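> One file: start29.txt (compact mmCIF, C-alpha atoms).
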```
# COMPACT_ATOMS: atom_id res chain seq x y z
CA MET A 474 0.00 0.00 0.00
CA THR A 475 1.38 3.39 -0.96
CA LEU A 476 0.62 6.66 0.75
CA SER A 477 0.56 9.98 -1.03
CA TRP A 478 1.37 13.42 0.43
CA SER A 479 -2.24 14.51 0.18
CA GLU A 480 -3.36 11.67 2.47
CA ILE A 481 -1.01 12.67 5.32
CA PRO A 482 -2.83 14.98 7.78
CA SER A 483 -1.29 18.31 8.70
CA ALA A 484 -0.13 18.79 12.27
CA ASP A 485 -1.08 22.50 12.18
CA GLU A 486 -4.64 22.25 10.86
CA ARG A 487 -7.62 20.79 12.65
CA PRO A 488 -9.41 18.13 10.61
CA ALA A 489 -12.97 18.94 9.60
CA ASP A 490 -14.43 15.88 11.32
CA GLN A 491 -12.62 16.42 14.68
CA ARG A 492 -14.80 16.39 17.75
CA GLN A 493 -14.56 18.71 20.73
CA GLN A 494 -11.42 18.83 22.83
CA SER A 495 -11.38 16.04 25.45
CA ALA A 496 -12.63 16.81 28.95
CA ALA A 497 -9.18 16.11 30.40
CA LEU A 498 -7.61 18.90 28.39
CA SER A 499 -10.55 21.32 28.30
CA LEU A 500 -9.67 22.94 31.66
CA LEU A 501 -6.16 23.86 30.57
CA GLU A 502 -5.56 27.41 29.41
CA THR A 503 -3.21 26.29 26.68
CA ARG A 504 -3.34 22.97 24.95
CA PRO A 505 -0.17 20.90 25.63
CA GLN A 506 1.87 19.76 22.69
CA ARG A 507 1.93 16.06 21.86
CA ARG A 508 5.63 15.88 22.70
CA THR A 509 5.00 17.41 26.13
CA VAL A 510 2.37 14.78 26.94
CA LEU A 511 4.64 11.96 25.73
CA ARG A 512 7.54 13.38 27.76
CA MET A 513 5.37 13.46 30.91
CA VAL A 514 4.22 9.89 30.33
CA THR A 515 7.82 8.74 29.82
CA ILE A 516 9.08 10.48 32.97
CA SER A 517 6.18 9.04 34.98
CA ALA A 518 6.93 5.54 33.69
CA MET A 519 10.61 5.89 34.58
CA ALA A 520 9.75 7.11 38.10
CA LEU A 521 7.34 4.21 38.58
CA GLY A 522 9.94 1.73 37.31
CA GLY A 523 12.59 3.11 39.66
CA THR A 524 10.20 2.84 42.58
CA VAL A 525 9.35 -0.77 41.77
CA LEU A 526 13.04 -1.64 41.45
CA SER A 527 13.76 -0.11 44.86
CA TRP A 528 11.05 -2.27 46.42
CA GLY A 529 12.70 -5.42 45.12
CA SER A 530 15.95 -4.89 47.02
CA ARG A 531 14.32 -4.28 50.42
CA GLY A 532 13.59 -7.95 51.04
CA MET A 533 17.01 -9.15 50.02
CA THR A 534 19.29 -10.16 52.82
CA GLY A 535 22.92 -10.90 52.36
CA LYS A 536 26.13 -11.23 54.23
CA ALA A 537 28.50 -8.36 54.37
CA ALA A 538 31.37 -8.76 52.00
CA ARG A 539 34.54 -10.00 53.63
CA ALA A 540 38.03 -9.83 52.28
CA ASP A 541 40.01 -13.07 52.20
CA VAL A 542 42.48 -11.69 54.72
CA SER A 543 42.11 -12.23 58.46
CA PRO A 544 42.32 -9.44 61.08
CA LEU A 545 45.90 -10.66 61.67
CA ALA A 546 46.70 -10.38 57.92
CA LEU A 547 46.65 -14.16 57.44
CA THR A 548 45.38 -15.49 54.10
CA GLU A 549 44.08 -18.73 52.60
CA TRP A 550 46.03 -21.53 50.95
CA THR A 551 45.41 -21.85 47.23
CA THR A 552 48.28 -24.15 46.24
CA CYS A 553 48.46 -26.48 49.23
CA ARG A 554 47.56 -30.12 48.59
CA VAL A 555 44.16 -30.76 50.16
CA ASP A 556 43.58 -34.46 49.61
CA TYR A 557 42.49 -35.15 53.18
CA ALA A 558 39.16 -36.63 54.18
CA PRO A 559 37.03 -34.08 56.07
CA ASP A 560 36.22 -34.63 59.75
CA ALA A 561 32.82 -33.97 61.30
CA ASP A 562 32.37 -30.88 63.46
CA THR A 563 32.57 -31.38 67.21
CA GLY A 564 30.16 -28.51 67.99
CA GLY A 565 28.87 -25.16 66.79
CA ALA A 566 26.41 -24.15 64.09
CA TYR A 567 27.39 -26.91 61.62
CA TYR A 568 27.40 -29.81 64.07
CA GLY A 569 25.60 -32.76 62.49
CA LEU A 570 25.89 -31.38 58.93
CA ALA A 571 28.17 -32.64 56.17
CA ALA A 572 31.82 -32.69 57.26
CA ALA A 573 33.97 -29.96 55.70
CA CYS A 574 37.19 -29.28 57.61
CA ASN A 575 40.07 -31.58 58.41
CA GLY A 576 42.32 -31.94 61.44
CA GLY A 577 42.38 -30.49 64.89
CA SER A 578 41.12 -31.97 68.10
CA TYR A 579 38.00 -29.80 67.78
CA ARG A 580 36.24 -28.33 64.72
CA ALA A 581 33.39 -25.84 65.15
CA SER A 582 32.02 -22.43 64.21
CA THR A 583 32.49 -21.44 67.88
CA PHE A 584 36.22 -20.97 67.18
CA CYS A 585 35.46 -18.20 64.63
CA ARG A 586 35.47 -14.41 64.83
CA SER A 587 34.92 -12.41 61.63
CA GLY A 588 35.19 -15.60 59.55
CA TRP A 589 38.66 -16.54 60.83
CA HIS A 590 40.00 -18.41 63.87
CA ARG A 591 39.45 -16.32 66.95
CA THR A 592 42.36 -14.70 68.81
CA ASP A 593 40.93 -13.77 72.17
CA ALA A 594 40.47 -15.23 75.66
CA GLU A 595 37.55 -16.07 77.92
CA ALA A 596 37.16 -17.14 81.51
CA ALA A 597 34.45 -19.20 83.17
CA GLY A 598 35.12 -19.57 86.88
CA PRO A 599 38.60 -20.99 87.45
CA THR A 600 38.95 -22.10 83.81
CA THR A 601 40.42 -19.86 81.12
CA LYS A 602 40.58 -20.43 77.37
CA ASP A 603 43.08 -18.60 75.18
CA TYR A 604 42.53 -18.78 71.41
CA SER A 605 45.18 -18.14 68.76
CA ALA A 606 45.47 -18.51 65.00
CA VAL A 607 48.37 -20.46 63.50
CA SER A 608 49.94 -20.19 60.06
CA ASN A 609 52.14 -23.26 59.81
CA ARG A 610 49.79 -26.06 58.88
CA CYS A 611 50.67 -26.79 55.24
CA TRP A 612 53.84 -28.87 54.76
CA SER A 613 55.30 -27.31 57.93
CA THR A 614 55.84 -23.94 56.29
CA SER A 615 54.86 -20.56 57.61
CA ASP A 616 54.12 -17.87 55.06
CA GLY A 617 51.18 -16.08 56.65
CA ARG A 618 48.41 -18.46 55.58
CA ASN A 619 46.17 -20.46 57.85
CA ALA A 620 42.95 -21.38 56.02
CA TRP A 621 41.59 -23.56 53.23
CA ARG A 622 38.32 -23.59 51.30
CA TRP A 623 36.32 -26.82 51.42
CA ALA A 624 32.99 -27.63 49.77
CA ALA A 625 30.43 -29.71 51.65
CA GLY A 626 26.66 -30.09 51.45
CA GLY A 627 26.36 -27.57 48.61
CA TYR A 628 28.22 -24.79 50.47
CA THR A 629 31.79 -23.53 50.58
CA TYR A 630 33.51 -23.14 53.94
CA ARG A 631 36.71 -21.53 55.14
CA CYS A 632 38.56 -23.80 57.56
CA SER A 633 40.94 -21.66 59.60
CA ASP A 634 43.51 -23.34 61.87
CA GLY A 635 44.26 -22.34 65.43
CA LYS A 636 44.90 -23.42 68.99
CA MET A 637 42.91 -23.33 72.20
CA LYS A 638 44.85 -23.33 75.47
CA VAL A 639 42.65 -24.40 78.35
CA CYS A 640 43.93 -23.65 81.85
CA ALA A 641 42.33 -24.83 85.08
CA SER A 642 43.53 -25.46 88.61
CA GLY A 643 45.24 -28.69 87.47
CA GLY A 644 47.36 -27.03 84.76
CA CYS A 645 47.05 -26.14 81.07
CA THR A 646 46.37 -28.19 77.95
CA THR A 647 46.65 -26.95 74.36
CA TYR A 648 44.38 -28.32 71.63
CA ASN A 649 44.58 -27.90 67.86
CA THR A 650 41.28 -26.36 66.69
CA VAL A 651 39.65 -25.45 63.38
CA CYS A 652 37.20 -22.60 62.76
CA ARG A 653 34.53 -23.56 60.20
CA TYR A 654 32.94 -20.54 58.51
CA ARG A 655 30.54 -20.45 55.54
CA VAL A 656 31.83 -18.08 52.85
```
Go ahead and render the structure in this file as structure tokens.

Amino acid sequence: MTLSWSEIPSADERPADQRQQSAALSLLETRPQRRTVLRMVTISAMALGGTVLSWGSRGMTGKAARADVSPLALTEWTTCRVDYAPDADTGGAYYGLAAACNGGSYRASTFCRSGWHRTDAEAAGPTTKDYSAVSNRCWSTSDGRNAWRWAAGGYTYRCSDGKMKVCASGGCTTYNTVCRYRV
């Protein structure tokens, strides 16, 4: 189908068969241009879209991002051979779930602070517990690393090595411990 110039309506002239101005525009002193109306509709649609997008993020919960460096500037092993079988946790939040970490006398999330092995002390009556992170667990070297990443049960965990020194009236005993933290 072809269209000739005579069939194209003029934007400046009112067609002979045009009805009255719509009620929505009849109260305006000046009639808005078509471009002005389209611009207002576009801006309104963009504002509505932005509002809807802001609603979507309100229900999202997430963990704060953490760098892969501990508060003591220790890092994770990436080249250490990790062909060990994982051991079940002995307590904490992941007790009874799929085993992830290896080694240590005790393995639990209770040995963690900020995603790494804790380095503080606590006292309960005459018993004290001192926690420390260690960085010499891979092939007996010490280069500032103390953690590995292990996958278990569909999640990835950081297993950070440390020690717990328990002192009571009968003396002190030091245990190798592992902090299990979901990354």
> Find the distance between atom CA of Tyr568 of chain A and atom CA of Thr601 of chain A and write it in Å to one decimal.
23.6 Å
> Looking at A:Glu595, A:Glu549, A:Lys602, A:Thr647, which one is nearest to Tyr630 of chain A, with distances taken over all atoms listed in the file?
A:Glu549
> Write out as a short mmCIF file (atom, residue, chain, number, x, y, z; two decimals) with C-alpha atoms, in the frame of the given file the residues lying within 8 Å of Thr629 of chain A, counting only C-alpha atoms and excluding same-chain residues fewer than 3 positions away.

```
data_model
loop_
_atom_site.label_atom_id
_atom_site.label_comp_id
_atom_site.auth_asym_id
_atom_site.auth_seq_id
_atom_site.Cartn_x
_atom_site.Cartn_y
_atom_site.Cartn_z
CA ARG A 622 38.32 -23.59 51.30
CA TRP A 623 36.32 -26.82 51.42
CA ALA A 624 32.99 -27.63 49.77
CA ALA A 625 30.43 -29.71 51.65
CA ARG A 655 30.54 -20.45 55.54
CA VAL A 656 31.83 -18.08 52.85
#
```
> Record the distance separating atom CA of Ala561 of chain A and atom CA of Thr650 of chain A, expressed in Å with one decimal.
12.6 Å
> What does the structure give for the distance between atom CA of Gly627 of chain A and atom CA of Asn649 of chain A, in Å to one decimal?
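Answer for the atom CA of Gly627 of chain A to atom CA of Asn649 of chain A separation: 26.5 Å.
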